[in-house]
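What follows is start.txt (compact mmCIF, N, CA and C atoms).
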# COMPACT_ATOMS: atom_id res chain seq x y z
N LEU A 1 -42.55 19.28 -78.93
CA LEU A 1 -42.49 19.98 -77.66
C LEU A 1 -43.42 19.41 -76.61
N TYR A 2 -44.37 18.57 -77.02
CA TYR A 2 -45.39 18.10 -76.09
C TYR A 2 -45.48 16.58 -76.12
N GLY A 3 -46.06 16.04 -75.05
CA GLY A 3 -46.43 14.64 -75.08
C GLY A 3 -47.53 14.46 -76.11
N CYS A 4 -47.68 13.26 -76.58
CA CYS A 4 -48.65 12.98 -77.64
C CYS A 4 -49.45 11.74 -77.27
N ALA A 5 -50.75 11.75 -77.59
CA ALA A 5 -51.64 10.65 -77.24
C ALA A 5 -52.23 9.99 -78.47
N ALA A 6 -52.23 8.66 -78.47
CA ALA A 6 -53.03 7.90 -79.43
C ALA A 6 -54.38 7.70 -78.76
N VAL A 7 -55.45 7.84 -79.52
CA VAL A 7 -56.78 7.83 -78.90
C VAL A 7 -57.76 6.98 -79.71
N ALA A 8 -58.83 6.61 -79.03
CA ALA A 8 -59.96 5.93 -79.66
C ALA A 8 -61.22 6.71 -79.28
N PRO A 9 -62.19 6.75 -80.17
CA PRO A 9 -63.42 7.51 -79.86
C PRO A 9 -64.23 6.86 -78.74
N THR A 10 -65.06 7.69 -78.11
CA THR A 10 -66.03 7.21 -77.12
C THR A 10 -67.41 7.68 -77.58
N ALA A 11 -68.40 7.44 -76.78
CA ALA A 11 -69.76 7.86 -77.13
C ALA A 11 -69.94 9.37 -77.04
N GLU A 12 -69.02 10.06 -76.38
CA GLU A 12 -69.08 11.52 -76.26
C GLU A 12 -68.15 12.17 -77.28
N ASP A 13 -68.64 13.20 -77.97
CA ASP A 13 -67.88 13.82 -79.05
C ASP A 13 -66.53 14.38 -78.63
N ASP A 14 -66.46 14.98 -77.45
CA ASP A 14 -65.21 15.63 -77.05
C ASP A 14 -64.40 14.81 -76.04
N VAL A 15 -64.76 13.55 -75.83
CA VAL A 15 -64.03 12.68 -74.92
C VAL A 15 -63.48 11.49 -75.71
N VAL A 16 -62.21 11.18 -75.48
CA VAL A 16 -61.56 10.06 -76.16
C VAL A 16 -60.95 9.13 -75.11
N ARG A 17 -60.80 7.89 -75.48
CA ARG A 17 -60.04 6.95 -74.63
C ARG A 17 -58.60 7.01 -75.10
N VAL A 18 -57.71 7.21 -74.17
CA VAL A 18 -56.29 7.25 -74.49
C VAL A 18 -55.78 5.82 -74.55
N THR A 19 -55.20 5.45 -75.70
CA THR A 19 -54.69 4.09 -75.87
C THR A 19 -53.18 4.01 -75.79
N ASP A 20 -52.51 5.14 -75.92
CA ASP A 20 -51.06 5.17 -75.80
C ASP A 20 -50.62 6.61 -75.58
N LEU A 21 -49.49 6.78 -74.94
CA LEU A 21 -48.91 8.10 -74.68
C LEU A 21 -47.41 8.04 -74.92
N VAL A 22 -46.88 9.10 -75.49
CA VAL A 22 -45.44 9.21 -75.70
C VAL A 22 -45.01 10.59 -75.25
N GLU A 23 -43.99 10.66 -74.40
CA GLU A 23 -43.48 11.95 -73.93
C GLU A 23 -42.56 12.56 -74.97
N LYS A 24 -42.99 13.68 -75.52
CA LYS A 24 -42.21 14.48 -76.48
C LYS A 24 -41.56 13.64 -77.57
N PRO A 25 -42.38 12.97 -78.39
CA PRO A 25 -41.80 12.15 -79.46
C PRO A 25 -41.22 13.01 -80.57
N ALA A 26 -40.29 12.42 -81.33
CA ALA A 26 -39.83 13.07 -82.56
C ALA A 26 -41.02 13.16 -83.50
N ALA A 27 -41.03 14.15 -84.38
CA ALA A 27 -42.19 14.39 -85.25
C ALA A 27 -42.65 13.14 -85.98
N GLY A 28 -41.74 12.36 -86.49
CA GLY A 28 -42.10 11.16 -87.24
C GLY A 28 -42.55 10.00 -86.38
N GLU A 29 -42.39 10.10 -85.06
CA GLU A 29 -42.73 9.01 -84.15
C GLU A 29 -44.00 9.28 -83.35
N ALA A 30 -44.64 10.42 -83.56
CA ALA A 30 -45.86 10.76 -82.81
C ALA A 30 -47.00 9.83 -83.22
N PRO A 31 -47.72 9.28 -82.26
CA PRO A 31 -48.81 8.35 -82.59
C PRO A 31 -50.07 9.05 -83.13
N SER A 32 -50.14 10.38 -83.04
CA SER A 32 -51.29 11.13 -83.54
C SER A 32 -50.93 12.61 -83.53
N SER A 33 -51.92 13.43 -83.82
CA SER A 33 -51.72 14.88 -83.74
C SER A 33 -52.31 15.45 -82.45
N TYR A 34 -52.66 14.59 -81.51
CA TYR A 34 -53.22 15.03 -80.23
C TYR A 34 -52.09 15.28 -79.23
N ALA A 35 -51.93 16.53 -78.83
CA ALA A 35 -50.92 16.90 -77.84
C ALA A 35 -51.50 16.78 -76.44
N ILE A 36 -50.64 16.49 -75.48
CA ILE A 36 -51.01 16.48 -74.08
C ILE A 36 -50.63 17.85 -73.53
N ILE A 37 -51.62 18.60 -73.08
CA ILE A 37 -51.32 19.97 -72.65
C ILE A 37 -51.30 20.14 -71.14
N GLY A 38 -51.28 19.03 -70.40
CA GLY A 38 -50.95 19.09 -68.99
C GLY A 38 -51.99 19.57 -68.02
N ARG A 39 -53.24 19.30 -68.27
CA ARG A 39 -54.28 19.57 -67.29
C ARG A 39 -54.93 18.23 -66.99
N TYR A 40 -54.86 17.79 -65.74
CA TYR A 40 -55.26 16.43 -65.41
C TYR A 40 -56.22 16.39 -64.23
N VAL A 41 -57.10 15.40 -64.25
CA VAL A 41 -57.83 14.94 -63.08
C VAL A 41 -57.41 13.49 -62.96
N LEU A 42 -56.67 13.18 -61.91
CA LEU A 42 -56.02 11.88 -61.81
C LEU A 42 -56.66 10.98 -60.77
N ASP A 43 -56.75 9.71 -61.09
CA ASP A 43 -57.17 8.70 -60.15
C ASP A 43 -56.04 8.51 -59.14
N PRO A 44 -56.34 8.29 -57.87
CA PRO A 44 -55.27 8.07 -56.88
C PRO A 44 -54.33 6.92 -57.24
N ALA A 45 -54.76 6.00 -58.08
CA ALA A 45 -53.90 4.88 -58.50
C ALA A 45 -52.66 5.37 -59.24
N VAL A 46 -52.67 6.62 -59.68
CA VAL A 46 -51.51 7.15 -60.39
C VAL A 46 -50.27 7.14 -59.50
N PHE A 47 -50.44 7.28 -58.19
CA PHE A 47 -49.28 7.31 -57.30
C PHE A 47 -48.55 5.97 -57.29
N ASP A 48 -49.29 4.87 -57.30
CA ASP A 48 -48.65 3.56 -57.40
C ASP A 48 -47.99 3.39 -58.76
N ALA A 49 -48.63 3.88 -59.80
CA ALA A 49 -48.06 3.78 -61.14
C ALA A 49 -46.75 4.57 -61.23
N ILE A 50 -46.72 5.75 -60.61
CA ILE A 50 -45.50 6.57 -60.61
C ILE A 50 -44.38 5.85 -59.87
N LYS A 51 -44.70 5.21 -58.72
CA LYS A 51 -43.69 4.49 -57.96
C LYS A 51 -43.03 3.39 -58.79
N LYS A 52 -43.79 2.80 -59.70
CA LYS A 52 -43.28 1.69 -60.52
C LYS A 52 -42.68 2.17 -61.85
N THR A 53 -42.73 3.46 -62.10
CA THR A 53 -42.26 4.00 -63.38
C THR A 53 -40.77 4.30 -63.32
N PRO A 54 -39.99 3.68 -64.20
CA PRO A 54 -38.55 3.98 -64.22
C PRO A 54 -38.30 5.33 -64.88
N PRO A 55 -37.15 5.92 -64.63
CA PRO A 55 -36.82 7.18 -65.32
C PRO A 55 -36.93 7.01 -66.83
N GLY A 56 -37.47 8.02 -67.48
CA GLY A 56 -37.66 7.98 -68.93
C GLY A 56 -36.91 9.11 -69.59
N ARG A 57 -37.57 9.79 -70.50
CA ARG A 57 -36.96 10.88 -71.26
C ARG A 57 -36.29 11.88 -70.32
N GLY A 58 -35.05 12.22 -70.62
CA GLY A 58 -34.31 13.17 -69.82
C GLY A 58 -33.86 12.62 -68.48
N GLY A 59 -33.99 11.29 -68.28
CA GLY A 59 -33.58 10.70 -67.01
C GLY A 59 -34.54 11.00 -65.88
N GLU A 60 -35.72 11.51 -66.20
CA GLU A 60 -36.70 11.87 -65.17
C GLU A 60 -37.86 10.88 -65.19
N ILE A 61 -38.50 10.72 -64.05
CA ILE A 61 -39.73 9.93 -64.00
C ILE A 61 -40.82 10.80 -64.60
N GLN A 62 -41.43 10.33 -65.66
CA GLN A 62 -42.41 11.11 -66.41
C GLN A 62 -43.82 10.69 -66.03
N LEU A 63 -44.67 11.65 -65.69
CA LEU A 63 -46.08 11.36 -65.45
C LEU A 63 -46.69 10.71 -66.68
N THR A 64 -46.27 11.15 -67.85
CA THR A 64 -46.78 10.58 -69.09
C THR A 64 -46.55 9.07 -69.14
N ASP A 65 -45.39 8.62 -68.67
CA ASP A 65 -45.10 7.18 -68.69
C ASP A 65 -46.00 6.42 -67.73
N ALA A 66 -46.28 6.99 -66.57
CA ALA A 66 -47.20 6.36 -65.62
C ALA A 66 -48.61 6.30 -66.20
N LEU A 67 -49.05 7.39 -66.82
CA LEU A 67 -50.38 7.40 -67.45
C LEU A 67 -50.45 6.43 -68.62
N ARG A 68 -49.35 6.29 -69.33
CA ARG A 68 -49.30 5.32 -70.45
C ARG A 68 -49.59 3.92 -69.92
N GLU A 69 -48.95 3.55 -68.83
CA GLU A 69 -49.17 2.24 -68.24
C GLU A 69 -50.63 2.10 -67.80
N MET A 70 -51.18 3.16 -67.20
CA MET A 70 -52.57 3.11 -66.76
C MET A 70 -53.55 3.07 -67.93
N SER A 71 -53.16 3.61 -69.07
CA SER A 71 -54.06 3.62 -70.23
C SER A 71 -54.34 2.23 -70.76
N HIS A 72 -53.51 1.27 -70.39
CA HIS A 72 -53.70 -0.12 -70.84
C HIS A 72 -54.55 -0.93 -69.85
N ARG A 73 -55.00 -0.29 -68.79
CA ARG A 73 -55.80 -0.98 -67.76
C ARG A 73 -57.29 -0.73 -67.99
N ASP A 74 -58.08 -1.68 -67.52
CA ASP A 74 -59.53 -1.47 -67.47
C ASP A 74 -60.02 -1.39 -66.03
N ASP A 75 -59.07 -1.40 -65.10
CA ASP A 75 -59.39 -1.25 -63.69
C ASP A 75 -58.18 -0.64 -63.00
N ASP A 76 -58.23 -0.47 -61.68
CA ASP A 76 -57.11 0.06 -60.92
C ASP A 76 -56.58 1.36 -61.51
N GLY A 77 -57.50 2.31 -61.72
CA GLY A 77 -57.11 3.63 -62.22
C GLY A 77 -57.25 3.81 -63.71
N GLY A 78 -57.47 2.75 -64.42
CA GLY A 78 -57.62 2.85 -65.87
C GLY A 78 -59.06 2.63 -66.25
N PRO A 79 -59.44 2.83 -67.44
CA PRO A 79 -58.63 3.37 -68.52
C PRO A 79 -58.43 4.89 -68.34
N VAL A 80 -57.65 5.46 -69.22
CA VAL A 80 -57.38 6.90 -69.20
C VAL A 80 -58.20 7.55 -70.31
N HIS A 81 -58.83 8.65 -69.99
CA HIS A 81 -59.62 9.39 -70.97
C HIS A 81 -59.06 10.80 -71.12
N GLY A 82 -59.33 11.40 -72.26
CA GLY A 82 -58.92 12.77 -72.51
C GLY A 82 -60.08 13.57 -73.06
N VAL A 83 -60.04 14.85 -72.83
CA VAL A 83 -61.02 15.77 -73.39
C VAL A 83 -60.34 16.51 -74.52
N VAL A 84 -60.96 16.50 -75.68
CA VAL A 84 -60.42 17.21 -76.83
C VAL A 84 -60.72 18.69 -76.66
N PHE A 85 -59.67 19.46 -76.50
CA PHE A 85 -59.81 20.89 -76.25
C PHE A 85 -59.79 21.64 -77.57
N THR A 86 -60.76 22.51 -77.74
CA THR A 86 -60.74 23.43 -78.87
C THR A 86 -60.90 24.82 -78.28
N GLY A 87 -60.11 25.73 -78.74
CA GLY A 87 -60.18 27.08 -78.22
C GLY A 87 -58.81 27.70 -78.17
N ARG A 88 -58.75 28.85 -77.58
CA ARG A 88 -57.50 29.59 -77.47
C ARG A 88 -56.69 29.02 -76.32
N ARG A 89 -55.41 28.82 -76.56
CA ARG A 89 -54.52 28.27 -75.54
C ARG A 89 -53.15 28.91 -75.69
N TYR A 90 -52.52 29.18 -74.59
CA TYR A 90 -51.16 29.72 -74.60
C TYR A 90 -50.26 28.78 -73.81
N ASP A 91 -49.06 28.60 -74.28
CA ASP A 91 -48.06 27.80 -73.58
C ASP A 91 -47.22 28.75 -72.75
N THR A 92 -47.51 28.83 -71.46
CA THR A 92 -46.80 29.79 -70.63
C THR A 92 -45.38 29.34 -70.31
N GLY A 93 -44.99 28.17 -70.77
CA GLY A 93 -43.59 27.75 -70.70
C GLY A 93 -42.76 28.35 -71.83
N ASP A 94 -43.43 28.93 -72.80
CA ASP A 94 -42.78 29.62 -73.92
C ASP A 94 -42.86 31.12 -73.61
N ARG A 95 -41.73 31.80 -73.61
CA ARG A 95 -41.70 33.19 -73.17
C ARG A 95 -42.61 34.10 -74.00
N ALA A 96 -42.61 33.92 -75.33
CA ALA A 96 -43.46 34.78 -76.17
C ALA A 96 -44.94 34.49 -75.92
N ASP A 97 -45.30 33.21 -75.78
CA ASP A 97 -46.70 32.88 -75.49
C ASP A 97 -47.11 33.39 -74.12
N TYR A 98 -46.20 33.38 -73.17
CA TYR A 98 -46.49 33.92 -71.84
C TYR A 98 -46.86 35.40 -71.94
N LEU A 99 -46.07 36.14 -72.72
CA LEU A 99 -46.38 37.57 -72.90
C LEU A 99 -47.70 37.77 -73.62
N ARG A 100 -47.97 36.96 -74.65
CA ARG A 100 -49.25 37.07 -75.37
C ARG A 100 -50.42 36.84 -74.41
N ALA A 101 -50.28 35.84 -73.53
CA ALA A 101 -51.35 35.54 -72.57
C ALA A 101 -51.59 36.72 -71.64
N ILE A 102 -50.53 37.31 -71.13
CA ILE A 102 -50.67 38.45 -70.22
C ILE A 102 -51.34 39.63 -70.92
N VAL A 103 -50.89 39.94 -72.13
CA VAL A 103 -51.46 41.07 -72.86
C VAL A 103 -52.93 40.83 -73.16
N ARG A 104 -53.27 39.63 -73.65
CA ARG A 104 -54.67 39.35 -73.97
C ARG A 104 -55.54 39.41 -72.73
N LEU A 105 -55.10 38.78 -71.65
CA LEU A 105 -55.91 38.78 -70.43
C LEU A 105 -56.05 40.19 -69.86
N ALA A 106 -54.98 40.98 -69.91
CA ALA A 106 -55.08 42.36 -69.43
C ALA A 106 -56.06 43.15 -70.29
N CYS A 107 -56.01 42.96 -71.60
CA CYS A 107 -56.93 43.68 -72.50
C CYS A 107 -58.38 43.31 -72.26
N GLU A 108 -58.62 42.07 -71.87
CA GLU A 108 -59.99 41.59 -71.68
C GLU A 108 -60.59 41.97 -70.33
N ARG A 109 -59.77 42.37 -69.38
CA ARG A 109 -60.29 42.72 -68.05
C ARG A 109 -61.00 44.06 -68.08
N GLU A 110 -62.16 44.11 -67.46
CA GLU A 110 -62.92 45.35 -67.40
C GLU A 110 -62.19 46.43 -66.61
N ASP A 111 -61.48 46.04 -65.56
CA ASP A 111 -60.82 47.03 -64.71
C ASP A 111 -59.48 47.50 -65.29
N LEU A 112 -58.82 46.70 -66.11
CA LEU A 112 -57.53 47.07 -66.68
C LEU A 112 -57.59 47.37 -68.17
N GLY A 113 -58.48 46.69 -68.87
CA GLY A 113 -58.50 46.72 -70.32
C GLY A 113 -58.53 48.08 -70.98
N PRO A 114 -59.47 48.95 -70.65
CA PRO A 114 -59.55 50.23 -71.36
C PRO A 114 -58.25 51.03 -71.30
N ASP A 115 -57.71 51.23 -70.11
CA ASP A 115 -56.46 52.00 -69.99
C ASP A 115 -55.28 51.26 -70.62
N PHE A 116 -55.22 49.95 -70.43
CA PHE A 116 -54.11 49.18 -70.98
C PHE A 116 -54.14 49.19 -72.50
N ARG A 117 -55.33 49.03 -73.10
CA ARG A 117 -55.44 49.05 -74.57
C ARG A 117 -55.02 50.41 -75.12
N THR A 118 -55.40 51.48 -74.45
CA THR A 118 -54.98 52.83 -74.87
C THR A 118 -53.46 52.93 -74.84
N TRP A 119 -52.86 52.51 -73.74
CA TRP A 119 -51.41 52.56 -73.62
C TRP A 119 -50.75 51.69 -74.69
N LEU A 120 -51.30 50.50 -74.91
CA LEU A 120 -50.72 49.56 -75.88
C LEU A 120 -50.77 50.14 -77.30
N ARG A 121 -51.89 50.77 -77.67
CA ARG A 121 -51.99 51.40 -79.00
C ARG A 121 -50.92 52.47 -79.16
N GLU A 122 -50.76 53.30 -78.14
CA GLU A 122 -49.74 54.37 -78.18
C GLU A 122 -48.34 53.77 -78.27
N PHE A 123 -48.09 52.74 -77.49
CA PHE A 123 -46.78 52.09 -77.49
C PHE A 123 -46.46 51.53 -78.87
N VAL A 124 -47.42 50.83 -79.46
CA VAL A 124 -47.21 50.22 -80.78
C VAL A 124 -47.04 51.31 -81.85
N ALA A 125 -47.81 52.37 -81.75
CA ALA A 125 -47.73 53.44 -82.74
C ALA A 125 -46.39 54.18 -82.69
N THR A 126 -45.83 54.34 -81.50
CA THR A 126 -44.59 55.10 -81.38
C THR A 126 -43.35 54.22 -81.42
N GLY A 127 -43.55 52.91 -81.31
CA GLY A 127 -42.41 51.99 -81.34
C GLY A 127 -41.63 52.05 -80.06
N LEU A 128 -40.44 51.51 -80.11
CA LEU A 128 -39.60 51.49 -78.90
C LEU A 128 -38.98 52.83 -78.77
Can the structure in the file be given as structure tokens, please?
Amino acid sequence: LYGCAAVAPTAEDDVVRVTDLVEKPAAGEAPSSYAIIGRYVLDPAVFDAIKKTPPGRGGEIQLTDALREMSHRDDDGGPVHGVVFTGRRYDTGDRADYLRAIVRLACEREDLGPDFRTWLREFVATGL
């Protein structure tokens, strides 16, 4: 479901150098278990890379393909680095994960949480 990155370590524990990227590979073709979760800080050189990127998966120009090309550079926008994320994450492109995110965030808010948690307990206890 996600783009996948091949990486090499750097001097920082949670930062890696991206050595290759594949947009939504088949399970057996993934270069690693590192998913690309779509939060970027991009060098302006990415715009030139996108202009030179032919349509890829799904017939669309993929940002992943432009970043892949940049990952092989040592200048002009490269190399590409990634931060290894650990923590709770929701895929809001998935309907069930979107709902989980809303419920969790509502429960955690000081202004909404107490009343919402009470309602949620009652809702779950009584069913539909």
All strand (DSSP E) residues (DSSP, backbone) inside stretch 59-101 of chain A, as a ChimeraX atom specification: /A:80-83
Point-to-point distance in Å for atom CA of A:Ala5 and atom CA of A:Gly82: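 Computing it gives 8.9 Å between the two atoms.
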Point (-41.1, 20.3, -78.8), cut-off 6.5 Å, counting all atoms listed in the file, residues as a ChimeraX atom specification: /A:1-2,24
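Between atom N of A:Ala45 and atom CA of A:Gly77 lies a distance of 5.3 Å.
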Test item: residues at most 8 Å from A:Phe85, all atoms listed in the file, excluding those fewer than 3 positions along its chain, as a ChimeraX atom specification: /A:14-15,82,88
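By only N, CA and C atoms, and with residues fewer than 4 positions from A:Glu23 along its chain excluded, the set lying at most 6.5 Å from it is Tyr2, Gly3, Cys4, Thr64 and Asp65 of chain A.
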Write down as a short mmCIF file (atom, residue, chain, number, x, y, z; two decimals) with N, CA and C atoms, in the coordinates of the input the residues of chain A whose backbone DSSP state falls under alpha helix (DSSP H).
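Result file follows (out_33.cif):
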data_model
loop_
_atom_site.label_atom_id
_atom_site.label_comp_id
_atom_site.auth_asym_id
_atom_site.auth_seq_id
_atom_site.Cartn_x
_atom_site.Cartn_y
_atom_site.Cartn_z
N VAL A 46 -52.67 6.62 -59.68
CA VAL A 46 -51.51 7.15 -60.39
C VAL A 46 -50.27 7.14 -59.50
N PHE A 47 -50.44 7.28 -58.19
CA PHE A 47 -49.28 7.31 -57.30
C PHE A 47 -48.55 5.97 -57.29
N ASP A 48 -49.29 4.87 -57.30
CA ASP A 48 -48.65 3.56 -57.40
C ASP A 48 -47.99 3.39 -58.76
N ALA A 49 -48.63 3.88 -59.80
CA ALA A 49 -48.06 3.78 -61.14
C ALA A 49 -46.75 4.57 -61.23
N ILE A 50 -46.72 5.75 -60.61
CA ILE A 50 -45.50 6.57 -60.61
C ILE A 50 -44.38 5.85 -59.87
N LYS A 51 -44.70 5.21 -58.72
CA LYS A 51 -43.69 4.49 -57.96
C LYS A 51 -43.03 3.39 -58.79
N LEU A 63 -44.67 11.65 -65.69
CA LEU A 63 -46.08 11.36 -65.45
C LEU A 63 -46.69 10.71 -66.68
N THR A 64 -46.27 11.15 -67.85
CA THR A 64 -46.78 10.58 -69.09
C THR A 64 -46.55 9.07 -69.14
N ASP A 65 -45.39 8.62 -68.67
CA ASP A 65 -45.10 7.18 -68.69
C ASP A 65 -46.00 6.42 -67.73
N ALA A 66 -46.28 6.99 -66.57
CA ALA A 66 -47.20 6.36 -65.62
C ALA A 66 -48.61 6.30 -66.20
N LEU A 67 -49.05 7.39 -66.82
CA LEU A 67 -50.38 7.40 -67.45
C LEU A 67 -50.45 6.43 -68.62
N ARG A 68 -49.35 6.29 -69.33
CA ARG A 68 -49.30 5.32 -70.45
C ARG A 68 -49.59 3.92 -69.92
N GLU A 69 -48.95 3.55 -68.83
CA GLU A 69 -49.17 2.24 -68.24
C GLU A 69 -50.63 2.10 -67.80
N MET A 70 -51.18 3.16 -67.20
CA MET A 70 -52.57 3.11 -66.76
C MET A 70 -53.55 3.07 -67.93
N SER A 71 -53.16 3.61 -69.07
CA SER A 71 -54.06 3.62 -70.23
C SER A 71 -54.34 2.23 -70.76
N ARG A 95 -41.73 31.80 -73.61
CA ARG A 95 -41.70 33.19 -73.17
C ARG A 95 -42.61 34.10 -74.00
N ALA A 96 -42.61 33.92 -75.33
CA ALA A 96 -43.46 34.78 -76.17
C ALA A 96 -44.94 34.49 -75.92
N ASP A 97 -45.30 33.21 -75.78
CA ASP A 97 -46.70 32.88 -75.49
C ASP A 97 -47.11 33.39 -74.12
N TYR A 98 -46.20 33.38 -73.17
CA TYR A 98 -46.49 33.92 -71.84
C TYR A 98 -46.86 35.40 -71.94
N LEU A 99 -46.07 36.14 -72.72
CA LEU A 99 -46.38 37.57 -72.90
C LEU A 99 -47.70 37.77 -73.62
N ARG A 100 -47.97 36.96 -74.65
CA ARG A 100 -49.25 37.07 -75.37
C ARG A 100 -50.42 36.84 -74.41
N ALA A 101 -50.28 35.84 -73.53
CA ALA A 101 -51.35 35.54 -72.57
C ALA A 101 -51.59 36.72 -71.64
N ILE A 102 -50.53 37.31 -71.13
CA ILE A 102 -50.67 38.45 -70.22
C ILE A 102 -51.34 39.63 -70.92
N VAL A 103 -50.89 39.94 -72.13
CA VAL A 103 -51.46 41.07 -72.86
C VAL A 103 -52.93 40.83 -73.16
N ARG A 104 -53.27 39.63 -73.65
CA ARG A 104 -54.67 39.35 -73.97
C ARG A 104 -55.54 39.41 -72.73
N LEU A 105 -55.10 38.78 -71.65
CA LEU A 105 -55.91 38.78 -70.43
C LEU A 105 -56.05 40.19 -69.86
N ALA A 106 -54.98 40.98 -69.91
CA ALA A 106 -55.08 42.36 -69.43
C ALA A 106 -56.06 43.15 -70.29
N CYS A 107 -56.01 42.96 -71.60
CA CYS A 107 -56.93 43.68 -72.50
C CYS A 107 -58.38 43.31 -72.26
N GLU A 108 -58.62 42.07 -71.87
CA GLU A 108 -59.99 41.59 -71.68
C GLU A 108 -60.59 41.97 -70.33
N GLY A 113 -58.48 46.69 -68.87
CA GLY A 113 -58.50 46.72 -70.32
C GLY A 113 -58.53 48.08 -70.98
N PRO A 114 -59.47 48.95 -70.65
CA PRO A 114 -59.55 50.23 -71.36
C PRO A 114 -58.25 51.03 -71.30
N ASP A 115 -57.71 51.23 -70.11
CA ASP A 115 -56.46 52.00 -69.99
C ASP A 115 -55.28 51.26 -70.62
N PHE A 116 -55.22 49.95 -70.43
CA PHE A 116 -54.11 49.18 -70.98
C PHE A 116 -54.14 49.19 -72.50
N ARG A 117 -55.33 49.03 -73.10
CA ARG A 117 -55.44 49.05 -74.57
C ARG A 117 -55.02 50.41 -75.12
N THR A 118 -55.40 51.48 -74.45
CA THR A 118 -54.98 52.83 -74.87
C THR A 118 -53.46 52.93 -74.84
N TRP A 119 -52.86 52.51 -73.74
CA TRP A 119 -51.41 52.56 -73.62
C TRP A 119 -50.75 51.69 -74.69
N LEU A 120 -51.30 50.50 -74.91
CA LEU A 120 -50.72 49.56 -75.88
C LEU A 120 -50.77 50.14 -77.30
N ARG A 121 -51.89 50.77 -77.67
CA ARG A 121 -51.99 51.40 -79.00
C ARG A 121 -50.92 52.47 -79.16
N GLU A 122 -50.76 53.30 -78.14
CA GLU A 122 -49.74 54.37 -78.18
C GLU A 122 -48.34 53.77 -78.27
N PHE A 123 -48.09 52.74 -77.49
CA PHE A 123 -46.78 52.09 -77.49
C PHE A 123 -46.46 51.53 -78.87
N VAL A 124 -47.42 50.83 -79.46
CA VAL A 124 -47.21 50.22 -80.78
C VAL A 124 -47.04 51.31 -81.85
N ALA A 125 -47.81 52.37 -81.75
CA ALA A 125 -47.73 53.44 -82.74
C ALA A 125 -46.39 54.18 -82.69
N THR A 126 -45.83 54.34 -81.50
CA THR A 126 -44.59 55.10 -81.38
C THR A 126 -43.35 54.22 -81.42
#
Atom CA of A:Val16 to atom CA of A:Gly87, distance in Å rounded to a single decimal: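 Calculated distance between atom CA of A:Val16 and atom CA of A:Gly87 is 17.2 Å.
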Top pick for closest residue to A:Ala30, considering A:Phe47, A:Leu42, A:Gly56, A:Val7 and counting only C-alpha atoms: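 Smallest separation from A:Ala30 among the options: A:Val7.
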